[in-house]
file input33.cif (mmCIF, N, CA, C and O atoms)
data_run
#
loop_
_atom_site.label_atom_id
_atom_site.label_comp_id
_atom_site.auth_asym_id
_atom_site.auth_seq_id
_atom_site.Cartn_x
_atom_site.Cartn_y
_atom_site.Cartn_z
N MET A 1 -94.16 -6.70 337.48
CA MET A 1 -94.87 -6.01 338.53
C MET A 1 -94.47 -4.54 338.52
O MET A 1 -93.29 -4.22 338.46
N PRO A 2 -95.44 -3.62 338.55
CA PRO A 2 -95.11 -2.19 338.55
C PRO A 2 -94.35 -1.81 339.82
O PRO A 2 -94.44 -2.47 340.84
N ALA A 3 -93.62 -0.74 339.73
CA ALA A 3 -92.86 -0.26 340.88
C ALA A 3 -93.78 0.12 342.02
O ALA A 3 -94.83 0.71 341.80
N GLU A 4 -93.39 -0.25 343.24
CA GLU A 4 -94.12 0.19 344.42
C GLU A 4 -93.67 1.62 344.70
O GLU A 4 -92.48 1.86 344.94
N MET A 5 -94.60 2.53 344.64
CA MET A 5 -94.27 3.94 344.77
C MET A 5 -94.28 4.36 346.24
O MET A 5 -95.11 3.88 347.02
N LYS A 6 -93.35 5.25 346.59
CA LYS A 6 -93.35 5.80 347.94
C LYS A 6 -93.30 7.32 347.84
O LYS A 6 -92.64 7.88 346.96
N SER A 7 -94.02 7.97 348.72
CA SER A 7 -94.02 9.43 348.77
C SER A 7 -92.69 9.91 349.33
O SER A 7 -92.11 9.28 350.22
N VAL A 8 -92.21 11.02 348.78
CA VAL A 8 -90.96 11.61 349.26
C VAL A 8 -91.15 13.09 349.53
O VAL A 8 -92.04 13.73 348.96
N PHE A 9 -90.32 13.62 350.41
CA PHE A 9 -90.33 15.05 350.70
C PHE A 9 -89.40 15.71 349.70
O PHE A 9 -88.18 15.56 349.77
N SER A 10 -89.99 16.39 348.73
CA SER A 10 -89.22 17.00 347.65
C SER A 10 -90.03 18.13 347.04
O SER A 10 -91.27 18.06 346.99
N ASP A 11 -89.34 19.15 346.55
CA ASP A 11 -90.02 20.24 345.86
C ASP A 11 -90.50 19.81 344.48
O ASP A 11 -91.48 20.34 343.97
N ARG A 12 -89.80 18.84 343.86
CA ARG A 12 -90.09 18.46 342.48
C ARG A 12 -90.78 17.11 342.33
O ARG A 12 -91.49 16.89 341.37
N VAL A 13 -90.51 16.19 343.25
CA VAL A 13 -90.97 14.81 343.11
C VAL A 13 -92.05 14.51 344.13
O VAL A 13 -91.90 14.77 345.32
N SER A 14 -93.15 13.92 343.65
CA SER A 14 -94.23 13.51 344.53
C SER A 14 -94.00 12.10 345.05
O SER A 14 -94.10 11.84 346.25
N GLN A 15 -93.68 11.17 344.13
CA GLN A 15 -93.45 9.77 344.49
C GLN A 15 -92.35 9.19 343.63
O GLN A 15 -92.11 9.65 342.51
N ILE A 16 -91.71 8.14 344.15
CA ILE A 16 -90.66 7.46 343.41
C ILE A 16 -90.71 5.97 343.76
O ILE A 16 -91.13 5.60 344.86
N GLY A 17 -90.34 5.14 342.80
CA GLY A 17 -90.34 3.70 343.04
C GLY A 17 -89.45 2.99 342.04
O GLY A 17 -89.07 3.56 341.01
N TYR A 18 -89.14 1.74 342.33
CA TYR A 18 -88.23 0.96 341.49
C TYR A 18 -88.78 -0.44 341.30
O TYR A 18 -89.25 -1.07 342.25
N ASP A 19 -88.72 -0.93 340.07
CA ASP A 19 -89.15 -2.29 339.74
C ASP A 19 -87.90 -3.09 339.40
O ASP A 19 -87.32 -2.92 338.32
N PRO A 20 -87.46 -3.98 340.29
CA PRO A 20 -86.23 -4.74 340.02
C PRO A 20 -86.38 -5.74 338.86
O PRO A 20 -85.39 -6.10 338.24
N ASP A 21 -87.60 -6.13 338.56
CA ASP A 21 -87.82 -7.07 337.45
C ASP A 21 -87.53 -6.44 336.09
O ASP A 21 -87.09 -7.11 335.17
N THR A 22 -87.79 -5.14 335.98
CA THR A 22 -87.59 -4.44 334.71
C THR A 22 -86.44 -3.43 334.76
O THR A 22 -86.13 -2.82 333.75
N SER A 23 -85.86 -3.23 335.95
CA SER A 23 -84.80 -2.23 336.17
C SER A 23 -85.27 -0.83 335.81
O SER A 23 -84.52 -0.02 335.27
N GLU A 24 -86.55 -0.54 336.10
CA GLU A 24 -87.10 0.78 335.81
C GLU A 24 -87.32 1.57 337.10
O GLU A 24 -87.90 1.07 338.06
N LEU A 25 -86.86 2.81 337.06
CA LEU A 25 -87.10 3.76 338.13
C LEU A 25 -88.27 4.63 337.70
O LEU A 25 -88.23 5.21 336.61
N ALA A 26 -89.30 4.71 338.51
CA ALA A 26 -90.49 5.50 338.20
C ALA A 26 -90.52 6.73 339.09
O ALA A 26 -90.25 6.65 340.29
N VAL A 27 -90.86 7.87 338.48
CA VAL A 27 -90.93 9.14 339.19
C VAL A 27 -92.23 9.83 338.83
O VAL A 27 -92.57 9.95 337.65
N ILE A 28 -92.98 10.27 339.83
CA ILE A 28 -94.17 11.08 339.59
C ILE A 28 -93.82 12.50 340.02
O ILE A 28 -93.43 12.75 341.17
N TRP A 29 -93.95 13.43 339.06
CA TRP A 29 -93.55 14.81 339.26
C TRP A 29 -94.66 15.63 339.91
O TRP A 29 -95.84 15.46 339.56
N LYS A 30 -94.31 16.53 340.80
CA LYS A 30 -95.29 17.39 341.46
C LYS A 30 -95.89 18.41 340.51
O LYS A 30 -97.07 18.73 340.60
N ASN A 31 -95.08 18.95 339.60
CA ASN A 31 -95.55 20.07 338.79
C ASN A 31 -96.64 19.69 337.79
O ASN A 31 -97.49 20.51 337.46
N ASN A 32 -96.61 18.45 337.29
CA ASN A 32 -97.63 18.09 336.28
C ASN A 32 -98.27 16.73 336.52
O ASN A 32 -99.15 16.33 335.77
N GLY A 33 -97.84 16.01 337.54
CA GLY A 33 -98.43 14.71 337.86
C GLY A 33 -98.07 13.59 336.90
O GLY A 33 -98.56 12.48 337.03
N ARG A 34 -97.19 13.88 335.94
CA ARG A 34 -96.80 12.85 334.97
C ARG A 34 -95.83 11.87 335.61
O ARG A 34 -95.08 12.21 336.53
N ARG A 35 -95.86 10.66 335.05
CA ARG A 35 -94.96 9.60 335.53
C ARG A 35 -93.86 9.38 334.51
O ARG A 35 -94.13 9.05 333.36
N SER A 36 -92.63 9.55 334.95
CA SER A 36 -91.47 9.28 334.12
C SER A 36 -90.91 7.91 334.48
O SER A 36 -90.85 7.55 335.65
N LEU A 37 -90.49 7.17 333.46
CA LEU A 37 -89.86 5.88 333.66
C LEU A 37 -88.45 5.95 333.08
O LEU A 37 -88.27 6.33 331.92
N TYR A 38 -87.47 5.57 333.87
CA TYR A 38 -86.07 5.53 333.46
C TYR A 38 -85.64 4.07 333.44
O TYR A 38 -85.71 3.39 334.46
N SER A 39 -85.22 3.58 332.28
CA SER A 39 -84.91 2.16 332.15
C SER A 39 -83.42 1.88 332.25
O SER A 39 -82.58 2.74 331.95
N GLY A 40 -83.12 0.66 332.71
CA GLY A 40 -81.74 0.21 332.82
C GLY A 40 -81.02 0.72 334.06
O GLY A 40 -79.80 0.68 334.13
N VAL A 41 -81.77 1.17 335.05
CA VAL A 41 -81.17 1.72 336.26
C VAL A 41 -80.79 0.56 337.19
O VAL A 41 -81.64 -0.25 337.56
N PRO A 42 -79.52 0.47 337.60
CA PRO A 42 -79.12 -0.58 338.54
C PRO A 42 -79.82 -0.41 339.89
O PRO A 42 -80.05 0.73 340.34
N ALA A 43 -80.15 -1.51 340.53
CA ALA A 43 -80.89 -1.48 341.80
C ALA A 43 -80.17 -0.65 342.86
O ALA A 43 -80.82 0.12 343.58
N GLU A 44 -78.86 -0.79 342.96
CA GLU A 44 -78.12 -0.05 343.99
C GLU A 44 -78.23 1.45 343.77
O GLU A 44 -78.44 2.21 344.72
N LEU A 45 -78.12 1.89 342.52
CA LEU A 45 -78.24 3.31 342.22
C LEU A 45 -79.66 3.80 342.48
O LEU A 45 -79.86 4.89 343.04
N ALA A 46 -80.66 3.01 342.11
CA ALA A 46 -82.05 3.39 342.36
C ALA A 46 -82.29 3.58 343.85
O ALA A 46 -82.92 4.57 344.27
N ASN A 47 -81.77 2.68 344.66
CA ASN A 47 -81.93 2.81 346.11
C ASN A 47 -81.24 4.05 346.65
O ASN A 47 -81.78 4.72 347.54
N GLU A 48 -80.07 4.36 346.12
CA GLU A 48 -79.37 5.57 346.56
C GLU A 48 -80.18 6.82 346.24
O GLU A 48 -80.31 7.71 347.08
N VAL A 49 -80.73 6.87 345.03
CA VAL A 49 -81.52 8.03 344.62
C VAL A 49 -82.80 8.13 345.46
O VAL A 49 -83.15 9.21 345.95
N MET A 50 -83.47 7.01 345.64
CA MET A 50 -84.73 7.02 346.38
C MET A 50 -84.55 7.42 347.84
O MET A 50 -85.47 7.96 348.46
N ASN A 51 -83.37 7.18 348.40
CA ASN A 51 -83.12 7.48 349.81
C ASN A 51 -82.21 8.69 350.02
O ASN A 51 -81.77 8.95 351.13
N ALA A 52 -81.96 9.42 348.95
CA ALA A 52 -81.09 10.60 349.04
C ALA A 52 -81.75 11.71 349.87
O ALA A 52 -82.98 11.81 349.92
N ALA A 53 -80.92 12.52 350.49
CA ALA A 53 -81.44 13.67 351.24
C ALA A 53 -82.21 14.60 350.32
O ALA A 53 -83.21 15.19 350.72
N SER A 54 -81.75 14.73 349.07
CA SER A 54 -82.46 15.51 348.06
C SER A 54 -82.69 14.61 346.85
O SER A 54 -81.78 14.39 346.05
N VAL A 55 -83.90 14.10 346.74
CA VAL A 55 -84.23 13.20 345.63
C VAL A 55 -84.09 13.91 344.30
O VAL A 55 -83.54 13.37 343.34
N GLY A 56 -84.55 15.15 344.22
CA GLY A 56 -84.46 15.91 342.97
C GLY A 56 -83.01 16.11 342.52
O GLY A 56 -82.69 15.93 341.35
N ALA A 57 -82.13 16.45 343.46
CA ALA A 57 -80.72 16.64 343.12
C ALA A 57 -80.09 15.32 342.68
O ALA A 57 -79.30 15.29 341.74
N ALA A 58 -80.45 14.23 343.35
CA ALA A 58 -79.91 12.92 342.98
C ALA A 58 -80.39 12.50 341.61
O ALA A 58 -79.62 11.95 340.81
N LEU A 59 -81.65 12.77 341.29
CA LEU A 59 -82.16 12.47 339.95
C LEU A 59 -81.38 13.25 338.90
O LEU A 59 -80.98 12.69 337.88
N ASN A 60 -81.17 14.54 339.15
CA ASN A 60 -80.42 15.37 338.20
C ASN A 60 -79.00 14.88 338.02
O ASN A 60 -78.47 14.86 336.91
N ALA A 61 -78.36 14.51 339.10
CA ALA A 61 -76.95 14.13 339.05
C ALA A 61 -76.72 12.74 338.45
O ALA A 61 -75.74 12.54 337.73
N ASP A 62 -77.62 11.80 338.74
CA ASP A 62 -77.33 10.40 338.42
C ASP A 62 -78.26 9.72 337.42
O ASP A 62 -77.91 8.67 336.89
N ILE A 63 -79.45 10.28 337.18
CA ILE A 63 -80.45 9.58 336.37
C ILE A 63 -80.80 10.32 335.09
O ILE A 63 -80.67 9.79 333.99
N ILE A 64 -81.26 11.56 335.24
CA ILE A 64 -81.73 12.34 334.09
C ILE A 64 -80.58 12.60 333.13
O ILE A 64 -79.52 13.06 333.53
N GLY A 65 -80.79 12.24 331.88
CA GLY A 65 -79.77 12.43 330.86
C GLY A 65 -78.80 11.26 330.75
O GLY A 65 -78.01 11.20 329.82
N THR A 66 -78.87 10.34 331.69
CA THR A 66 -77.99 9.17 331.69
C THR A 66 -78.73 7.91 331.24
O THR A 66 -78.19 7.11 330.49
N PHE A 67 -79.97 7.77 331.68
CA PHE A 67 -80.77 6.57 331.38
C PHE A 67 -81.92 6.93 330.44
O PHE A 67 -82.43 8.06 330.47
N ASP A 68 -82.33 5.96 329.63
CA ASP A 68 -83.44 6.16 328.70
C ASP A 68 -84.69 6.54 329.47
O ASP A 68 -84.99 5.98 330.52
N HIS A 69 -85.43 7.49 328.92
CA HIS A 69 -86.62 8.04 329.57
C HIS A 69 -87.83 7.89 328.66
O HIS A 69 -87.73 8.03 327.45
N ARG A 70 -88.97 7.63 329.30
CA ARG A 70 -90.26 7.69 328.62
C ARG A 70 -91.32 8.01 329.65
O ARG A 70 -91.11 7.82 330.85
N TYR A 71 -92.45 8.55 329.17
CA TYR A 71 -93.58 8.77 330.06
C TYR A 71 -94.44 7.52 330.03
O TYR A 71 -94.62 6.90 328.99
N GLY A 72 -94.97 7.16 331.18
CA GLY A 72 -95.79 5.95 331.22
C GLY A 72 -96.78 5.94 332.33
O GLY A 72 -96.79 6.69 333.22
#
call {"tool": "encode", "arguments": {"input": "input33.cif", "output": "C-alpha cells"}}
result
Amino acid sequence: MPAEMKSVFSDRVSQIGYDPDTSELAVIWKNNGRRSLYSGVPAELANEVMNAASVGAALNADIIGTFDHRYG
C-alpha cells in the first residue's frame, strides 16, 4: 500500500508519508513537485521526522544521505 501522504508546513516539503509495509518514507518537494522515496527507514524515526517542528531540518539531519533514495 502506498504511503498515506499528509501536508506539512515547511519551506521545502509539500507532503510526507510513511508506508510501514515497505519501510519507505515518501517526500513531495515544493520546489519541483518530485516525490522522493527513502527505503529502510524505521517506523519510529519516520514518525519523528513527520512530526518534527521543522520537517526539512529533520530530513537533513536524519534521512538524507543516510537511507537509500530514489524518485518514484
call {"tool": "select_by_dssp", "arguments": {"input": "input33.cif", "residues": "chain A", "states": "strand (DSSP E)", "output": "ChimeraX atom specification"}}
result
/A:4-7,13-19,24-29,35-39,68-71
call {"tool": "atom_distance", "arguments": {"input": "input33.cif", "atom1": "atom O of Gly17 in chain A", "atom2": "atom O of Gly33 in chain A"}}
result
13.6 Å
call {"tool": "residues_around", "arguments": {"input": "input33.cif", "residues": "range 43-50 of chain A", "least_positions_apart": "2", "cutoff": "8 Å", "atoms": "only N, CA, C and O atoms", "output": "number ranges by chain"}}
result
A: 6-9, 16-20, 23-25, 40-41, 52-59, 62-63
call {"tool": "write_last_selection", "arguments": {"input": "input33.cif", "atoms": "N, CA, C and O atoms", "output": "compact mmCIF listing (two decimals), in the coordinates of the input"}}
result
# COMPACT_ATOMS: atom_id res chain seq x y z
N LYS A 6 -93.35 5.25 346.59
CA LYS A 6 -93.35 5.80 347.94
C LYS A 6 -93.30 7.32 347.84
O LYS A 6 -92.64 7.88 346.96
N SER A 7 -94.02 7.97 348.72
CA SER A 7 -94.02 9.43 348.77
C SER A 7 -92.69 9.91 349.33
O SER A 7 -92.11 9.28 350.22
N VAL A 8 -92.21 11.02 348.78
CA VAL A 8 -90.96 11.61 349.26
C VAL A 8 -91.15 13.09 349.53
O VAL A 8 -92.04 13.73 348.96
N PHE A 9 -90.32 13.62 350.41
CA PHE A 9 -90.33 15.05 350.70
C PHE A 9 -89.40 15.71 349.70
O PHE A 9 -88.18 15.56 349.77
N ILE A 16 -91.71 8.14 344.15
CA ILE A 16 -90.66 7.46 343.41
C ILE A 16 -90.71 5.97 343.76
O ILE A 16 -91.13 5.60 344.86
N GLY A 17 -90.34 5.14 342.80
CA GLY A 17 -90.34 3.70 343.04
C GLY A 17 -89.45 2.99 342.04
O GLY A 17 -89.07 3.56 341.01
N TYR A 18 -89.14 1.74 342.33
CA TYR A 18 -88.23 0.96 341.49
C TYR A 18 -88.78 -0.44 341.30
O TYR A 18 -89.25 -1.07 342.25
N ASP A 19 -88.72 -0.93 340.07
CA ASP A 19 -89.15 -2.29 339.74
C ASP A 19 -87.90 -3.09 339.40
O ASP A 19 -87.32 -2.92 338.32
N PRO A 20 -87.46 -3.98 340.29
CA PRO A 20 -86.23 -4.74 340.02
C PRO A 20 -86.38 -5.74 338.86
O PRO A 20 -85.39 -6.10 338.24
N SER A 23 -85.86 -3.23 335.95
CA SER A 23 -84.80 -2.23 336.17
C SER A 23 -85.27 -0.83 335.81
O SER A 23 -84.52 -0.02 335.27
N GLU A 24 -86.55 -0.54 336.10
CA GLU A 24 -87.10 0.78 335.81
C GLU A 24 -87.32 1.57 337.10
O GLU A 24 -87.90 1.07 338.06
N LEU A 25 -86.86 2.81 337.06
CA LEU A 25 -87.10 3.76 338.13
C LEU A 25 -88.27 4.63 337.70
O LEU A 25 -88.23 5.21 336.61
N GLY A 40 -83.12 0.66 332.71
CA GLY A 40 -81.74 0.21 332.82
C GLY A 40 -81.02 0.72 334.06
O GLY A 40 -79.80 0.68 334.13
N VAL A 41 -81.77 1.17 335.05
CA VAL A 41 -81.17 1.72 336.26
C VAL A 41 -80.79 0.56 337.19
O VAL A 41 -81.64 -0.25 337.56
N ALA A 52 -81.96 9.42 348.95
CA ALA A 52 -81.09 10.60 349.04
C ALA A 52 -81.75 11.71 349.87
O ALA A 52 -82.98 11.81 349.92
N ALA A 53 -80.92 12.52 350.49
CA ALA A 53 -81.44 13.67 351.24
C ALA A 53 -82.21 14.60 350.32
O ALA A 53 -83.21 15.19 350.72
N SER A 54 -81.75 14.73 349.07
CA SER A 54 -82.46 15.51 348.06
C SER A 54 -82.69 14.61 346.85
O SER A 54 -81.78 14.39 346.05
N VAL A 55 -83.90 14.10 346.74
CA VAL A 55 -84.23 13.20 345.63
C VAL A 55 -84.09 13.91 344.30
O VAL A 55 -83.54 13.37 343.34
N GLY A 56 -84.55 15.15 344.22
CA GLY A 56 -84.46 15.91 342.97
C GLY A 56 -83.01 16.11 342.52
O GLY A 56 -82.69 15.93 341.35
N ALA A 57 -82.13 16.45 343.46
CA ALA A 57 -80.72 16.64 343.12
C ALA A 57 -80.09 15.32 342.68
O ALA A 57 -79.30 15.29 341.74
N ALA A 58 -80.45 14.23 343.35
CA ALA A 58 -79.91 12.92 342.98
C ALA A 58 -80.39 12.50 341.61
O ALA A 58 -79.62 11.95 340.81
N LEU A 59 -81.65 12.77 341.29
CA LEU A 59 -82.16 12.47 339.95
C LEU A 59 -81.38 13.25 338.90
O LEU A 59 -80.98 12.69 337.88
N ASP A 62 -77.62 11.80 338.74
CA ASP A 62 -77.33 10.40 338.42
C ASP A 62 -78.26 9.72 337.42
O ASP A 62 -77.91 8.67 336.89
N ILE A 63 -79.45 10.28 337.18
CA ILE A 63 -80.45 9.58 336.37
C ILE A 63 -80.80 10.32 335.09
O ILE A 63 -80.67 9.79 333.99
call {"tool": "atom_distance", "arguments": {"input": "input33.cif", "atom1": "CA of Val13 in chain A", "atom2": "atom O of Asn51 in chain A"}}
result
13.5 Å
call {"tool": "resolve_selection", "arguments": {"input": "input33.cif", "expression": "the PyMOL selection byres ((chain A and resi 30) around 5)", "output": "list in words"}}
result
Arg12, Val13, Ser14, Ile28, Trp29, Asn31, Asn32 and Gly33 of chain A
call {"tool": "resolve_selection", "arguments": {"input": "input33.cif", "expression": "the PyMOL selection byres ((chain A and resi 35) around 4.5)", "output": "PDB file with N, CA, C and O atoms, keeping the file's coordinate frame"}}
result
ATOM      1  N   VAL A  27     -90.860   7.870 338.480  1.00  0.00           N
ATOM      2  CA  VAL A  27     -90.930   9.140 339.190  1.00  0.00           C
ATOM      3  C   VAL A  27     -92.230   9.830 338.830  1.00  0.00           C
ATOM      4  O   VAL A  27     -92.570   9.950 337.650  1.00  0.00           O
ATOM      5  N   ILE A  28     -92.980  10.270 339.830  1.00  0.00           N
ATOM      6  CA  ILE A  28     -94.170  11.080 339.590  1.00  0.00           C
ATOM      7  C   ILE A  28     -93.820  12.500 340.020  1.00  0.00           C
ATOM      8  O   ILE A  28     -93.430  12.750 341.170  1.00  0.00           O
ATOM      9  N   GLY A  33     -97.840  16.010 337.540  1.00  0.00           N
ATOM     10  CA  GLY A  33     -98.430  14.710 337.860  1.00  0.00           C
ATOM     11  C   GLY A  33     -98.070  13.590 336.900  1.00  0.00           C
ATOM     12  O   GLY A  33     -98.560  12.480 337.030  1.00  0.00           O
ATOM     13  N   ARG A  34     -97.190  13.880 335.940  1.00  0.00           N
ATOM     14  CA  ARG A  34     -96.800  12.850 334.970  1.00  0.00           C
ATOM     15  C   ARG A  34     -95.830  11.870 335.610  1.00  0.00           C
ATOM     16  O   ARG A  34     -95.080  12.210 336.530  1.00  0.00           O
ATOM     17  N   SER A  36     -92.630   9.550 334.950  1.00  0.00           N
ATOM     18  CA  SER A  36     -91.470   9.280 334.120  1.00  0.00           C
ATOM     19  C   SER A  36     -90.910   7.910 334.480  1.00  0.00           C
ATOM     20  O   SER A  36     -90.850   7.550 335.650  1.00  0.00           O
ATOM     21  N   LEU A  37     -90.490   7.170 333.460  1.00  0.00           N
ATOM     22  CA  LEU A  37     -89.860   5.880 333.660  1.00  0.00           C
ATOM     23  C   LEU A  37     -88.450   5.950 333.080  1.00  0.00           C
ATOM     24  O   LEU A  37     -88.270   6.330 331.920  1.00  0.00           O
ATOM     25  N   ARG A  70     -88.970   7.630 329.300  1.00  0.00           N
ATOM     26  CA  ARG A  70     -90.260   7.690 328.620  1.00  0.00           C
ATOM     27  C   ARG A  70     -91.320   8.010 329.650  1.00  0.00           C
ATOM     28  O   ARG A  70     -91.110   7.820 330.850  1.00  0.00           O
ATOM     29  N   TYR A  71     -92.450   8.550 329.170  1.00  0.00           N
ATOM     30  CA  TYR A  71     -93.580   8.770 330.060  1.00  0.00           C
ATOM     31  C   TYR A  71     -94.440   7.520 330.030  1.00  0.00           C
ATOM     32  O   TYR A  71     -94.620   6.900 328.990  1.00  0.00           O
ATOM     33  N   GLY A  72     -94.970   7.160 331.180  1.00  0.00           N
ATOM     34  CA  GLY A  72     -95.790   5.950 331.220  1.00  0.00           C
ATOM     35  C   GLY A  72     -96.780   5.940 332.330  1.00  0.00           C
ATOM     36  O   GLY A  72     -96.790   6.690 333.220  1.00  0.00           O
TER      37      GLY A  72
END
call {"tool": "atom_distance", "arguments": {"input": "input33.cif", "atom1": "atom O of Thr22 in chain A", "atom2": "atom N of Met5 in chain A"}}
result
14.8 Å
call {"tool": "decode", "arguments": {"input": "input33.cif", "residues": "chain A", "atoms": "C-alpha atoms", "output": "compact mmCIF listing (two decimals), in the first residue's frame"}}
result
# COMPACT_ATOMS: atom_id res chain seq x y z
CA MET A 1 0.00 0.00 0.00
CA PRO A 2 1.45 3.43 -0.92
CA ALA A 3 2.22 5.85 1.87
CA GLU A 4 -0.66 8.00 3.05
CA MET A 5 0.60 11.49 2.44
CA LYS A 6 -0.05 14.41 4.76
CA SER A 7 0.52 18.08 4.07
CA VAL A 8 3.10 19.80 6.26
CA PHE A 9 4.03 23.39 6.97
CA SER A 10 7.52 23.62 5.51
CA ASP A 11 9.52 25.80 3.15
CA ARG A 12 10.88 22.74 1.32
CA VAL A 13 8.37 19.91 1.77
CA SER A 14 4.82 19.85 0.45
CA GLN A 15 3.77 16.42 1.74
CA ILE A 16 5.27 13.50 3.62
CA GLY A 17 4.13 9.96 4.35
CA TYR A 18 5.32 6.55 5.50
CA ASP A 19 4.47 3.03 4.35
CA PRO A 20 5.13 0.56 7.19
CA ASP A 21 4.77 -2.41 4.84
CA THR A 22 7.79 -1.33 2.78
CA SER A 23 9.57 0.88 5.37
CA GLU A 24 9.60 3.71 2.82
CA LEU A 25 9.37 7.37 3.70
CA ALA A 26 7.89 9.42 0.85
CA VAL A 27 8.51 13.15 0.44
CA ILE A 28 6.99 15.51 -2.13
CA TRP A 29 9.18 18.58 -2.59
CA LYS A 30 7.75 22.07 -3.03
CA ASN A 31 10.42 23.30 -5.42
CA ASN A 32 9.85 20.73 -8.17
CA GLY A 33 6.90 18.55 -7.14
CA ARG A 34 9.01 15.39 -7.35
CA ARG A 35 8.45 12.51 -4.99
CA SER A 36 11.47 11.10 -3.18
CA LEU A 37 11.36 7.66 -1.60
CA TYR A 38 13.77 6.73 1.20
CA SER A 39 13.93 3.00 1.90
CA GLY A 40 14.71 1.12 5.10
CA VAL A 41 13.51 3.90 7.39
CA PRO A 42 12.40 2.59 10.81
CA ALA A 43 8.80 3.48 11.70
CA GLU A 44 9.78 5.33 14.89
CA LEU A 45 12.26 7.54 13.03
CA ALA A 46 9.76 8.21 10.24
CA ASN A 47 7.18 9.34 12.79
CA GLU A 48 9.72 11.62 14.47
CA VAL A 49 10.61 13.25 11.15
CA MET A 50 6.99 13.58 10.04
CA ASN A 51 6.03 15.28 13.31
CA ALA A 52 9.14 17.42 13.76
CA ALA A 53 8.81 21.16 14.28
CA SER A 54 10.97 21.52 11.16
CA VAL A 55 10.40 18.65 8.75
CA GLY A 56 13.11 19.90 6.37
CA ALA A 57 15.72 20.09 9.14
CA ALA A 58 14.76 16.62 10.39
CA LEU A 59 15.06 15.19 6.87
CA ASN A 60 18.53 16.74 6.52
CA ALA A 61 19.69 15.53 9.92
CA ASP A 62 18.27 12.00 9.96
CA ILE A 63 17.23 10.81 6.48
CA ILE A 64 19.03 12.42 3.54
CA GLY A 65 22.39 10.80 2.98
CA THR A 66 21.63 8.03 5.47
CA PHE A 67 18.95 5.98 3.68
CA ASP A 68 18.77 4.81 0.07
CA HIS A 69 16.97 7.30 -2.14
CA ARG A 70 15.09 7.09 -5.42
CA TYR A 71 12.49 9.15 -7.22
CA GLY A 72 9.14 7.48 -7.62
